[in-house]
$ cat coords_5.csv   # CSV, C-alpha atoms and all ligand atoms
chain,number,residue,atom,x,y,z
A,1,MET,CA,16.7,-73.8,39.6
A,2,GLY,CA,16.9,-74.6,35.9
A,3,LYS,CA,14.2,-76.3,33.9
A,4,VAL,CA,12.1,-79.0,35.4
A,5,THR,CA,10.5,-81.9,33.5
A,6,ILE,CA,7.1,-83.3,34.5
A,7,SER,CA,6.7,-86.9,33.2
A,8,ALA,CA,3.3,-88.7,33.4
A,9,ILE,CA,3.8,-92.3,32.5
A,10,LYS,CA,1.2,-95.1,32.8
A,11,ALA,CA,0.8,-98.8,32.1
A,12,ASP,CA,-1.6,-101.6,32.5
A,13,ILE,CA,0.5,-104.3,34.1
A,14,GLY,CA,-2.1,-106.4,35.8
A,15,GLY,CA,-5.8,-106.0,36.8
A,16,PHE,CA,-7.5,-106.7,40.2
A,17,VAL,CA,-10.1,-108.0,39.5
A,18,GLY,CA,-10.1,-108.7,35.7
A,19,HIS,CA,-9.5,-105.3,34.0
A,20,SER,CA,-11.2,-103.2,36.7
A,21,ALA,CA,-8.5,-101.9,39.1
A,22,VAL,CA,-4.9,-102.3,40.3
A,23,HIS,CA,-3.9,-104.1,43.5
A,24,PRO,CA,-2.7,-102.0,46.5
A,25,GLU,CA,0.5,-104.0,46.6
A,26,MET,CA,1.4,-102.8,43.2
A,27,ILE,CA,0.9,-99.2,44.3
A,28,GLU,CA,3.1,-99.8,47.4
A,29,THR,CA,5.8,-101.4,45.2
A,30,ALA,CA,5.9,-98.4,42.9
A,31,GLU,CA,5.8,-96.0,45.8
A,32,GLY,CA,8.8,-97.7,47.4
A,33,ARG,CA,10.8,-97.4,44.1
A,34,VAL,CA,9.8,-93.7,43.7
A,35,ARG,CA,11.1,-93.0,47.3
A,36,ASP,CA,14.4,-94.7,46.5
A,37,ALA,CA,14.7,-92.7,43.2
A,38,ILE,CA,14.1,-89.5,45.1
A,39,ALA,CA,16.7,-90.5,47.7
A,40,ASN,CA,19.3,-91.3,45.2
A,41,GLY,CA,18.8,-88.0,43.3
A,42,LEU,CA,17.3,-89.4,40.0
A,43,LEU,CA,13.9,-87.7,40.7
A,44,ILE,CA,13.0,-84.5,42.4
A,45,ASP,CA,9.6,-86.0,43.3
A,46,GLY,CA,7.1,-88.6,42.3
A,47,LYS,CA,3.6,-89.7,43.0
A,48,VAL,CA,1.9,-93.0,42.2
A,49,ASN,CA,-1.8,-93.3,41.5
A,50,SER,CA,-4.2,-95.4,39.4
A,51,CYS,CA,-7.1,-95.0,37.1
A,52,GLY,CA,-9.0,-98.3,36.5
A,53,ASP,CA,-6.4,-101.0,35.8
A,54,ASP,CA,-3.6,-98.6,35.0
A,55,VAL,CA,-0.8,-97.5,37.3
A,56,ASN,CA,0.3,-94.0,36.7
A,57,LEU,CA,3.5,-92.3,37.8
A,58,VAL,CA,3.8,-88.5,37.9
A,59,LEU,CA,7.5,-87.7,38.2
A,60,THR,CA,9.5,-84.5,38.3
A,61,HIS,CA,13.2,-84.4,37.4
A,62,GLU,CA,15.9,-82.5,35.5
A,63,HIS,CA,16.6,-85.1,32.8
A,64,GLY,CA,14.4,-83.5,30.1
A,65,VAL,CA,11.8,-85.1,27.8
A,66,ASP,CA,12.8,-88.6,26.8
A,67,GLY,CA,15.4,-88.7,29.6
A,68,GLU,CA,16.8,-92.2,29.3
A,69,ARG,CA,17.4,-92.8,33.0
A,70,VAL,CA,13.9,-91.7,34.0
A,71,HIS,CA,12.3,-93.8,31.3
A,72,GLU,CA,14.4,-96.8,32.5
A,73,PHE,CA,13.3,-96.1,36.0
A,74,ALA,CA,9.6,-96.2,34.9
A,75,TRP,CA,10.1,-99.4,32.9
A,76,ASP,CA,11.8,-101.1,35.9
A,77,THR,CA,9.1,-99.9,38.2
A,78,PHE,CA,6.4,-101.4,35.9
A,79,MET,CA,8.5,-104.6,35.8
A,80,ALA,CA,8.5,-104.7,39.6
A,81,CYS,CA,4.8,-104.2,39.7
A,82,THR,CA,4.4,-106.9,37.1
A,83,GLU,CA,6.2,-109.3,39.5
A,84,VAL,CA,3.6,-108.5,42.1
A,85,ALA,CA,0.8,-109.0,39.6
A,86,LYS,CA,2.3,-112.4,38.6
A,87,ARG,CA,2.7,-113.5,42.2
A,88,LEU,CA,-0.9,-112.6,43.0
A,89,HIS,CA,-2.1,-114.1,39.7
A,90,LEU,CA,-3.6,-110.8,38.8
A,91,TYR,CA,-5.2,-110.5,35.4
A,92,GLY,CA,-3.1,-109.7,32.4
A,93,ALA,CA,0.2,-109.3,34.3
A,94,GLY,CA,2.7,-107.2,32.3
A,95,GLN,CA,0.1,-106.6,29.6
A,96,ASP,CA,1.4,-103.2,28.3
A,97,LEU,CA,5.1,-104.1,28.5
A,98,LEU,CA,5.3,-105.0,24.8
A,99,ALA,CA,9.1,-104.9,24.4
A,100,ASP,CA,11.2,-107.7,25.8
A,101,SER,CA,13.5,-105.3,27.6
A,102,PHE,CA,14.2,-101.6,28.0
A,103,SER,CA,16.1,-100.1,25.0
A,104,GLY,CA,16.6,-96.5,25.7
A,105,ASN,CA,13.1,-95.0,25.5
A,106,ILE,CA,9.8,-96.2,27.0
A,107,ARG,CA,7.9,-94.6,24.0
A,108,GLY,CA,6.8,-97.3,21.6
A,109,ALA,CA,7.4,-100.0,24.2
A,110,GLY,CA,3.8,-100.0,25.4
A,111,PRO,CA,3.4,-97.6,28.4
A,112,GLY,CA,1.8,-94.2,27.7
A,113,VAL,CA,4.0,-91.2,28.2
A,114,ALA,CA,3.2,-87.4,28.4
A,115,GLU,CA,6.1,-85.1,29.3
A,116,LEU,CA,6.7,-81.4,29.6
A,117,GLU,CA,10.0,-79.6,30.1
A,118,ILE,CA,9.2,-76.2,31.7
A,119,GLU,CA,10.6,-73.1,33.3
A,120,GLU,CA,8.7,-73.3,36.6
A,121,ARG,CA,6.5,-70.2,37.1
A,122,PRO,CA,6.4,-68.6,40.5
A,123,SER,CA,3.2,-70.6,41.0
A,124,GLU,CA,2.7,-73.6,38.6
A,125,PRO,CA,-0.7,-75.2,38.8
A,126,PHE,CA,-1.3,-78.1,36.5
A,127,VAL,CA,-3.6,-81.1,36.2
A,128,VAL,CA,-2.7,-84.7,35.1
A,129,PHE,CA,-5.7,-86.4,33.6
A,130,ALA,CA,-5.7,-90.2,33.4
A,131,ALA,CA,-8.4,-92.2,31.5
A,132,ASP,CA,-9.3,-95.8,31.5
A,133,LYS,CA,-11.1,-97.9,28.8
A,134,THR,CA,-10.5,-95.4,26.0
A,135,GLU,CA,-7.8,-94.1,23.5
A,136,PRO,CA,-5.6,-91.1,23.2
A,137,GLY,CA,-8.0,-89.3,20.8
A,138,ALA,CA,-10.4,-89.0,23.8
A,139,TRP,CA,-8.5,-85.9,24.7
A,140,ASN,CA,-9.2,-84.1,21.4
A,141,LEU,CA,-12.6,-82.7,22.3
A,142,PRO,CA,-11.7,-81.5,25.9
A,143,LEU,CA,-8.4,-79.9,24.6
A,144,TYR,CA,-10.2,-78.2,21.8
A,145,LYS,CA,-12.7,-76.8,24.3
A,146,MET,CA,-10.0,-75.7,26.8
A,147,PHE,CA,-7.8,-73.9,24.3
A,148,ALA,CA,-10.1,-72.9,21.4
A,149,ASP,CA,-13.7,-72.6,22.5
A,150,PRO,CA,-14.8,-69.3,24.1
A,151,PHE,CA,-18.0,-71.0,25.3
A,152,ASN,CA,-15.8,-73.1,27.5
A,153,THR,CA,-12.9,-70.8,28.2
A,154,ALA,CA,-13.9,-67.3,29.0
A,155,GLY,CA,-10.3,-66.2,29.1
A,156,LEU,CA,-10.1,-66.5,25.3
A,157,VAL,CA,-12.4,-63.5,25.2
A,158,ILE,CA,-11.6,-61.7,28.4
A,159,ASP,CA,-7.8,-62.2,29.2
A,160,PRO,CA,-5.5,-60.1,26.9
A,161,SER,CA,-2.7,-62.7,27.3
A,162,MET,CA,-5.0,-65.5,25.9
A,163,HIS,CA,-6.9,-63.4,23.3
A,164,ASP,CA,-4.5,-64.3,20.5
A,165,GLY,CA,-5.3,-68.0,21.0
A,166,PHE,CA,-3.1,-71.2,20.9
A,167,THR,CA,-1.3,-73.5,18.5
A,168,PHE,CA,-2.2,-77.2,18.3
A,169,GLU,CA,0.2,-79.9,17.2
A,170,VAL,CA,-1.7,-82.8,15.7
A,171,HIS,CA,-0.3,-86.3,15.1
A,172,ASP,CA,-1.6,-88.6,12.4
A,173,LEU,CA,-1.1,-92.0,14.1
A,174,PHE,CA,-1.7,-94.0,10.9
A,175,GLU,CA,0.8,-92.1,8.7
A,176,SER,CA,3.2,-91.1,11.5
A,177,ARG,CA,3.2,-87.4,10.5
A,178,SER,CA,2.5,-84.2,12.4
A,179,ALA,CA,1.0,-80.8,11.6
A,180,MET,CA,0.5,-77.4,13.4
A,181,PHE,CA,-2.7,-75.4,13.4
A,182,ASP,CA,-3.3,-72.0,14.9
A,183,ALA,CA,-6.5,-71.2,16.7
A,184,PRO,CA,-8.7,-69.3,16.2
A,185,GLU,CA,-7.5,-68.6,12.6
A,186,GLU,CA,-7.4,-72.2,11.5
A,187,LEU,CA,-10.1,-73.7,13.7
A,188,TYR,CA,-12.0,-75.2,10.8
A,189,ASP,CA,-8.8,-76.8,9.4
A,190,LEU,CA,-8.0,-78.2,12.8
A,191,LEU,CA,-11.5,-79.7,13.1
A,192,VAL,CA,-11.2,-81.5,9.8
A,193,TYR,CA,-8.6,-83.8,11.5
A,194,ILE,CA,-9.3,-83.9,15.3
A,195,GLY,CA,-12.9,-84.9,14.6
A,196,THR,CA,-11.4,-88.3,13.8
A,197,PRO,CA,-9.9,-89.1,17.1
A,198,SER,CA,-9.1,-92.8,16.3
A,199,ARG,CA,-6.4,-91.5,13.9
A,200,PHE,CA,-5.6,-87.8,14.5
A,201,VAL,CA,-4.7,-86.8,18.1
A,202,ILE,CA,-3.6,-83.5,19.6
A,203,LYS,CA,-0.1,-84.1,21.0
A,204,HIS,CA,0.8,-80.6,22.3
A,205,VAL,CA,-0.9,-77.2,22.7
A,206,PHE,CA,1.5,-74.2,22.7
A,207,ARG,CA,1.1,-70.6,23.6
A,208,LYS,CA,1.0,-68.7,20.3
A,209,GLY,CA,4.6,-68.0,19.1
A,210,GLY,CA,6.2,-69.9,21.9
A,211,ASN,CA,7.6,-73.4,22.2
A,212,GLU,CA,6.9,-74.1,25.8
A,213,PRO,CA,3.9,-76.4,25.8
A,214,ALA,CA,0.7,-75.7,27.8
A,215,ALA,CA,-0.5,-79.3,27.3
A,216,VAL,CA,0.8,-82.7,26.3
A,217,THR,CA,-0.8,-86.1,25.8
A,218,SER,CA,0.3,-89.7,25.5
A,219,THR,CA,-0.4,-90.8,21.9
A,220,GLN,CA,0.7,-94.4,21.8
A,221,ARG,CA,-1.8,-96.9,20.3
A,222,LEU,CA,-0.9,-100.4,21.4
A,223,ALA,CA,-2.5,-102.2,18.4
A,224,LEU,CA,-0.4,-100.0,16.0
A,225,ILE,CA,2.8,-100.9,17.9
A,226,ALA,CA,2.1,-104.6,18.5
A,227,GLY,CA,0.2,-105.2,15.2
A,228,ARG,CA,-2.5,-107.0,17.2
A,229,TYR,CA,-5.1,-106.2,19.8
A,230,VAL,CA,-3.6,-105.7,23.2
A,231,GLY,CA,-6.3,-103.8,25.0
A,232,LYS,CA,-7.1,-100.1,24.7
A,233,ASP,CA,-4.5,-97.4,25.3
A,234,ASP,CA,-5.9,-95.6,28.3
A,235,PRO,CA,-4.3,-92.2,27.7
A,236,ILE,CA,-2.8,-89.7,30.1
A,237,MET,CA,-2.2,-85.9,29.7
A,238,ILE,CA,-0.8,-82.9,31.5
A,239,VAL,CA,-2.4,-79.5,31.3
A,240,ARG,CA,-0.9,-76.4,32.8
A,241,ALA,CA,-3.2,-73.7,34.1
A,242,GLN,CA,-3.7,-70.0,35.1
A,243,SER,CA,-1.8,-66.8,34.4
A,244,GLY,CA,-2.3,-66.6,30.6
A,245,LEU,CA,-3.4,-70.2,30.3
A,246,PRO,CA,-6.9,-71.5,30.9
A,247,ALA,CA,-7.9,-71.3,34.6
A,248,ILE,CA,-8.2,-74.5,36.5
A,249,GLY,CA,-12.0,-74.2,36.2
A,250,GLU,CA,-11.7,-73.8,32.4
A,251,VAL,CA,-9.4,-76.8,32.3
A,252,LEU,CA,-12.0,-78.9,34.1
A,253,GLU,CA,-15.1,-77.5,32.4
A,254,PRO,CA,-15.0,-79.9,29.3
A,255,PHE,CA,-15.5,-82.9,31.6
A,256,ALA,CA,-18.9,-81.6,32.7
A,257,TYR,CA,-20.0,-83.0,29.4
A,258,PRO,CA,-19.3,-86.8,29.2
A,259,HIS,CA,-18.6,-87.0,25.5
A,260,LEU,CA,-18.7,-90.3,23.6
A,261,VAL,CA,-15.3,-92.0,23.2
A,262,ALA,CA,-14.1,-95.3,21.7
A,263,GLY,CA,-13.1,-98.1,24.1
A,264,TRP,CA,-15.1,-99.7,26.8
A,265,MET,CA,-15.8,-103.4,26.7
A,266,ARG,CA,-13.1,-105.2,24.6
A,267,GLY,CA,-12.0,-101.9,23.2
A,268,SER,CA,-14.9,-102.2,20.8
A,269,HIS,CA,-17.7,-99.8,22.0
A,270,HIS,CA,-18.6,-96.2,22.3
A,271,GLY,CA,-19.4,-94.9,25.7
A,272,PRO,CA,-19.5,-91.7,27.7
A,273,LEU,CA,-16.2,-90.5,29.3
A,274,MET,CA,-17.4,-90.3,32.9
A,275,PRO,CA,-15.5,-87.9,35.3
A,276,CYS,CA,-14.5,-89.8,38.5
A,277,SER,CA,-13.0,-89.2,41.9
A,278,LEU,CA,-9.6,-90.7,42.6
A,279,GLU,CA,-11.3,-93.1,45.0
A,280,ALA,CA,-14.1,-94.3,42.8
A,281,ASN,CA,-12.4,-94.8,39.4
A,282,THR,CA,-12.8,-98.5,38.9
A,283,PRO,CA,-14.7,-99.7,35.8
A,284,ALA,CA,-17.5,-102.1,36.6
A,285,ARG,CA,-20.5,-102.0,34.3
A,286,PHE,CA,-19.7,-103.6,30.9
A,287,ASP,CA,-16.0,-103.1,31.9
A,288,GLY,CA,-16.7,-99.3,32.2
A,289,PRO,CA,-18.1,-96.9,31.3
A,290,PRO,CA,-14.9,-95.2,30.2
A,291,ARG,CA,-13.6,-92.8,32.8
A,292,VAL,CA,-11.3,-89.9,33.6
A,293,THR,CA,-9.7,-88.7,36.8
A,294,GLY,CA,-8.0,-85.3,37.4
A,295,MET,CA,-5.0,-85.0,39.7
A,296,GLY,CA,-4.3,-81.4,40.5
A,297,PHE,CA,-0.8,-80.3,41.5
A,298,GLN,CA,1.2,-77.2,42.4
A,299,LEU,CA,4.9,-77.3,41.8
A,300,ALA,CA,7.3,-76.0,44.4
A,301,ASN,CA,10.9,-76.0,43.1
A,302,GLY,CA,10.1,-79.2,41.3
A,303,ARG,CA,8.3,-80.8,44.3
A,304,LEU,CA,4.8,-82.0,43.7
A,305,VAL,CA,2.3,-80.5,46.1
A,306,GLY,CA,-0.8,-82.7,45.6
A,307,PRO,CA,-2.5,-84.5,44.1
A,308,ARG,CA,-5.8,-82.9,44.8
A,309,ASP,CA,-8.8,-84.8,43.4
A,310,MET,CA,-10.2,-82.3,40.8
A,311,LEU,CA,-13.0,-84.3,39.2
A,312,GLY,CA,-14.3,-85.8,42.5
A,313,ASP,CA,-16.0,-82.5,43.4
A,314,ILE,CA,-19.8,-82.4,43.6
A,315,SER,CA,-19.9,-80.0,40.7
A,316,PHE,CA,-19.3,-83.1,38.5
A,317,ASP,CA,-22.1,-85.2,40.1
A,318,ARG,CA,-24.5,-84.2,37.4
A,319,ALA,CA,-22.0,-85.2,34.7
A,320,ARG,CA,-21.7,-88.6,36.3
A,321,ALA,CA,-25.5,-89.0,36.3
A,322,THR,CA,-25.6,-88.0,32.6
A,323,ALA,CA,-22.9,-90.5,31.9
A,324,LEU,CA,-24.9,-93.2,33.5
A,325,GLU,CA,-28.0,-92.3,31.6
A,326,VAL,CA,-26.0,-92.3,28.3
A,327,THR,CA,-24.6,-95.7,29.4
A,328,ASP,CA,-28.2,-97.1,29.7
A,329,TYR,CA,-29.1,-95.6,26.3
A,330,MET,CA,-26.0,-96.8,24.5
A,331,ARG,CA,-26.0,-100.3,26.0
A,332,ARG,CA,-29.5,-101.0,24.6
A,333,MET,CA,-28.0,-101.2,21.1
A,334,GLY,CA,-25.8,-104.1,22.1
A,335,PRO,CA,-23.6,-105.3,19.2
A,336,PHE,CA,-25.0,-102.8,16.7
A,337,GLU,CA,-23.1,-99.7,15.5
A,338,PRO,CA,-22.7,-97.0,16.6
A,339,GLU,CA,-22.7,-98.6,20.1
A,340,ARG,CA,-20.2,-101.1,18.7
A,341,LEU,CA,-17.3,-99.4,16.9
A,342,PRO,CA,-17.5,-99.1,13.1
A,343,MET,CA,-16.0,-102.0,11.0
A,344,ASP,CA,-12.8,-100.3,10.2
A,345,GLU,CA,-12.0,-99.7,13.9
A,346,MET,CA,-12.8,-103.3,14.7
A,347,GLU,CA,-9.7,-104.1,12.7
A,348,TYR,CA,-7.8,-103.2,15.8
A,349,THR,CA,-9.7,-105.6,18.1
A,350,THR,CA,-10.0,-109.4,18.2
A,351,MET,CA,-12.9,-109.4,15.7
A,352,PRO,CA,-10.8,-110.1,12.6
A,353,ALA,CA,-10.2,-113.6,13.9
A,354,VAL,CA,-13.9,-114.3,14.0
A,355,SER,CA,-14.5,-112.8,10.5
A,356,GLU,CA,-11.7,-115.0,9.2
A,357,LYS,CA,-13.4,-118.1,10.4
A,358,LEU,CA,-16.6,-117.0,8.6
A,359,ALA,CA,-14.9,-116.0,5.4
A,360,GLY,CA,-15.9,-119.2,3.6
A,361,ARG,CA,-19.6,-118.5,4.2
A,362,TRP,CA,-19.7,-115.8,1.6
A,363,THR,CA,-20.5,-116.3,-2.1
A,364,PRO,CA,-20.3,-113.5,-4.8
A,365,ILE,CA,-23.9,-112.3,-5.4
A,366,ASP,CA,-23.4,-112.6,-9.2
A,367,ALA,CA,-22.8,-116.3,-8.8
A,368,LEU,CA,-26.2,-116.9,-7.0
A,369,THR,CA,-28.8,-119.1,-8.8
A,370,PRO,CA,-31.7,-116.8,-9.7
A,371,VAL,CA,-34.4,-118.9,-8.0
A,372,THR,CA,-36.4,-116.1,-6.6
A,373,LEU,CA,-36.3,-114.1,-9.9
A,374,ALA,CA,-37.6,-117.1,-11.8
A,375,THR,CA,-40.5,-117.7,-9.4
A,376,GLU,CA,-41.4,-114.0,-9.6
A,377,SER,CA,-41.6,-113.9,-13.4
A,378,ALA,CA,-43.7,-117.1,-13.5
A,379,ASP,CA,-46.2,-115.4,-11.2
A,380,VAL,CA,-46.5,-112.4,-13.5
A,381,GLU,CA,-47.5,-114.6,-16.5
B,401,LIG,C1,-11.2,-103.0,27.4
B,401,LIG,C2,-10.7,-104.0,28.3
B,401,LIG,C3,-11.7,-105.1,28.7
B,401,LIG,C4,-11.3,-106.4,28.0
B,401,LIG,C5,-12.3,-107.5,28.4
B,401,LIG,C6,-11.9,-108.9,27.8
B,401,LIG,O1,-10.1,-102.1,27.2
B,401,LIG,O2,-9.6,-104.1,28.8
B,401,LIG,O3,-13.0,-104.8,28.4
B,401,LIG,O4,-11.2,-106.3,26.7
B,401,LIG,O5,-12.4,-107.7,29.8
B,401,LIG,O6,-10.7,-109.2,28.3
B,401,LIG,P1,-9.9,-110.6,27.9
B,401,LIG,O7,-9.9,-110.7,26.4
B,401,LIG,O8,-8.5,-110.3,28.5
B,401,LIG,O9,-10.6,-111.6,28.7
B,402,MG,MG,-6.4,-104.2,31.4
B,403,MG,MG,-6.7,-99.8,31.4
$ encode --input "coords_5.csv" --output "structure tokens" --more "lines below"
Ligand code: F6R
Ligand code: MG
Ligand code: MG
Amino acid sequence: MGKVTISAIKADIGGFVGHSAVHPEMIETAEGRVRDAIANGLLIDGKVNSCGDDVNLVLTHEHGVDGERVHEFAWDTFMACTEVAKRLHLYGAGQDLLADSFSGNIRGAGPGVAELEIEERPSEPFVVFAADKTEPGAWNLPLYKMFADPFNTAGLVIDPSMHDGFTFEVHDLFESRSAMFDAPEELYDLLVYIGTPSRFVIKHVFRKGGNEPAAVTSTQRLALIAGRYVGKDDPIMIVRAQSGLPAIGEVLEPFAYPHLVAGWMRGSHHGPLMPCSLEANTPARFDGPPRVTGMGFQLANGRLVGPRDMLGDISFDRARATALEVTDYMRRMGPFEPERLPMDEMEYTTMPAVSEKLAGRWTPIDALTPVTLATESADVE
């Protein structure tokens, strides 16, 4: 067969209960539509899952990246799930469908999209990671570890086909521009940017000198599209593994450390990214903590064998316990930074509306009557 495209597309189209999970009827609706699309030949295969309050579709097909018919299918599927959400009065029905109607591409319309067009290898293992209550930059640190850190990925040292390193494509979401960095030569340059995950996000990782991606992420930020707060962006990514790419265990290894990410309650707090099983991935405490699931697949002539629950394994139990400890620690700071996001990030939440109300309370310091100063000088005499 020719090239196959893997599309991972997700959207928050209604929560059960609040922003915590999706309703089983939404999953059934999406699965029914996927079955139809396989039967009518649009898709080779497709799986429906969820992470928190986001429905995610993993689809394989031959329509390439940005394939209009596949994007339209995903849009229509999310619309159908939205109808279920409306009927059941689920919370925030249709939340991520920002456009009024489909107009050729689902990118920029609200849902998150990560797509790869590949020549299927004789054996093609890959993992689709889905996160809830965080933003696309949450993938920066794990991707850096997988593809650039020899303390995480032994293959960078040991495997001759990985020893030359990888190339990172970074997007600047504020200025809408893109740059490439080679690792390991330009590691320090790369880190100048990806250490600011609210703005700079890794879009692709490539094998050195090649243009077939090893990893791809969704990079949409809803607030930047809509110009107002519409919830966090809850990203998704696809990472291929083995045979000259990081081994599955090297791809999973970064999630043994629940690093701090932005998101959580009201998209306004820092919390640990907790690895979760596919069964137990529903935010609860303080609408979180932020979480990630890993769906492992093998491709067989474009067919999806899986998913297997990669982060549900007991080897991540300690990471879950650490995440809960960090949760206790962070929560005690309540509304203070750095538990609450810094002021400039709050610009993308609902807080500007509150600050606006309080604007009249402020007086320039220079215009203050020097009452205190006068009293102090009187005391000295
Ligand atoms: C975070 C998130 C939730 C909501 C919170 C308030 O990404 O989705 O924490 O922000 O539950 O939701 P509303 O404003 O819809 O009542
Ligand atoms: Mg939601
Ligand atoms: Mg969500």
$ residues_near_ligand --input "coords_5.csv" --ligand "ligand MG 402 (chain B)" --cutoff "12 Å" --atoms "only C-alpha atoms and all ligand atoms" --output "VMD selection string"
chain A and resid 10 to 22 51 to 55 85 90 to 97 132 to 134 229 to 234 263 to 267 282 to 283 287 to 288
$ write_last_selection --input "coords_5.csv" --atoms "C-alpha atoms" --output "CSV table (one decimal), in the coordinates of the input"
chain,number,residue,atom,x,y,z
A,10,LYS,CA,1.2,-95.1,32.8
A,11,ALA,CA,0.8,-98.8,32.1
A,12,ASP,CA,-1.6,-101.6,32.5
A,13,ILE,CA,0.5,-104.3,34.1
A,14,GLY,CA,-2.1,-106.4,35.8
A,15,GLY,CA,-5.8,-106.0,36.8
A,16,PHE,CA,-7.5,-106.7,40.2
A,17,VAL,CA,-10.1,-108.0,39.5
A,18,GLY,CA,-10.1,-108.7,35.7
A,19,HIS,CA,-9.5,-105.3,34.0
A,20,SER,CA,-11.2,-103.2,36.7
A,21,ALA,CA,-8.5,-101.9,39.1
A,22,VAL,CA,-4.9,-102.3,40.3
A,51,CYS,CA,-7.1,-95.0,37.1
A,52,GLY,CA,-9.0,-98.3,36.5
A,53,ASP,CA,-6.4,-101.0,35.8
A,54,ASP,CA,-3.6,-98.6,35.0
A,55,VAL,CA,-0.8,-97.5,37.3
A,85,ALA,CA,0.8,-109.0,39.6
A,90,LEU,CA,-3.6,-110.8,38.8
A,91,TYR,CA,-5.2,-110.5,35.4
A,92,GLY,CA,-3.1,-109.7,32.4
A,93,ALA,CA,0.2,-109.3,34.3
A,94,GLY,CA,2.7,-107.2,32.3
A,95,GLN,CA,0.1,-106.6,29.6
A,96,ASP,CA,1.4,-103.2,28.3
A,97,LEU,CA,5.1,-104.1,28.5
A,132,ASP,CA,-9.3,-95.8,31.5
A,133,LYS,CA,-11.1,-97.9,28.8
A,134,THR,CA,-10.5,-95.4,26.0
A,229,TYR,CA,-5.1,-106.2,19.8
A,230,VAL,CA,-3.6,-105.7,23.2
A,231,GLY,CA,-6.3,-103.8,25.0
A,232,LYS,CA,-7.1,-100.1,24.7
A,233,ASP,CA,-4.5,-97.4,25.3
A,234,ASP,CA,-5.9,-95.6,28.3
A,263,GLY,CA,-13.1,-98.1,24.1
A,264,TRP,CA,-15.1,-99.7,26.8
A,265,MET,CA,-15.8,-103.4,26.7
A,266,ARG,CA,-13.1,-105.2,24.6
A,267,GLY,CA,-12.0,-101.9,23.2
A,282,THR,CA,-12.8,-98.5,38.9
A,283,PRO,CA,-14.7,-99.7,35.8
A,287,ASP,CA,-16.0,-103.1,31.9
A,288,GLY,CA,-16.7,-99.3,32.2
$ closest_atom_pairs --input "coords_5.csv" --of "region 192-304 of chain A" --to "region 121-124 of chain A" --cutoff "10 Å" --atoms "all atoms listed in the file" --output "Markdown table"
| residue | atom | partner | partner_atom | distance |
| --- | --- | --- | --- | --- |
| A:Arg240 | CA | A:Glu124 | CA | 7.4 |
| A:Ala241 | CA | A:Glu124 | CA | 7.4 |
| A:Gln242 | CA | A:Glu124 | CA | 8.1 |
| A:Ser243 | CA | A:Ser123 | CA | 9.1 |
| A:Phe297 | CA | A:Glu124 | CA | 8.1 |
| A:Gln298 | CA | A:Glu124 | CA | 5.4 |
| A:Leu299 | CA | A:Glu124 | CA | 5.4 |
| A:Ala300 | CA | A:Ser123 | CA | 7.6 |
| A:Asn301 | CA | A:Pro122 | CA | 9.0 |
| A:Gly302 | CA | A:Glu124 | CA | 9.7 |
$ write_last_selection --input "coords_5.csv" --atoms "C-alpha atoms" --output "PDB file, keeping the file's coordinate frame"
ATOM      1  CA  ARG A 240      -0.900 -76.400  32.800  1.00  0.00           C
ATOM      2  CA  ALA A 241      -3.200 -73.700  34.100  1.00  0.00           C
ATOM      3  CA  GLN A 242      -3.700 -70.000  35.100  1.00  0.00           C
ATOM      4  CA  SER A 243      -1.800 -66.800  34.400  1.00  0.00           C
ATOM      5  CA  PHE A 297      -0.800 -80.300  41.500  1.00  0.00           C
ATOM      6  CA  GLN A 298       1.200 -77.200  42.400  1.00  0.00           C
ATOM      7  CA  LEU A 299       4.900 -77.300  41.800  1.00  0.00           C
ATOM      8  CA  ALA A 300       7.300 -76.000  44.400  1.00  0.00           C
ATOM      9  CA  ASN A 301      10.900 -76.000  43.100  1.00  0.00           C
ATOM     10  CA  GLY A 302      10.100 -79.200  41.300  1.00  0.00           C
TER      11      GLY A 302
END
$ closest_residue --input "coords_5.csv" --among "A:Trp139, A:Arg332, A:Gln220, A:Cys276" --to "Ser176 (chain A)" --atoms "only C-alpha atoms"
A:Gln220
$ closest_residue --input "coords_5.csv" --among "A:Leu156, A:Ala247, A:Met351, A:Leu187" --to "Ser268 (chain A)" --atoms "only C-alpha atoms"
A:Met351
$ atom_distance --input "coords_5.csv" --atom1 "CA of Ile106 (chain A)" --atom2 "CA of His71 (chain A)"
5.5 Å
$ residues_near_point --input "coords_5.csv" --point "(-1.4, -74.7, 14.3)" --cutoff "9 Å" --atoms "only C-alpha atoms" --output "list in words"
Phe166, Thr167, Phe168, Glu169, Val170, Ala179, Met180, Phe181, Asp182, Ala183, Glu185, Glu186, Leu187, Leu190, Val205, Phe206 and Lys208 of chain A
$ closest_residue --input "coords_5.csv" --among "A:His89, A:Lys357, A:Arg291, A:Arg228" --to "ligand MG 403 (chain B)" --atoms "only C-alpha atoms and all ligand atoms"
A:Arg291
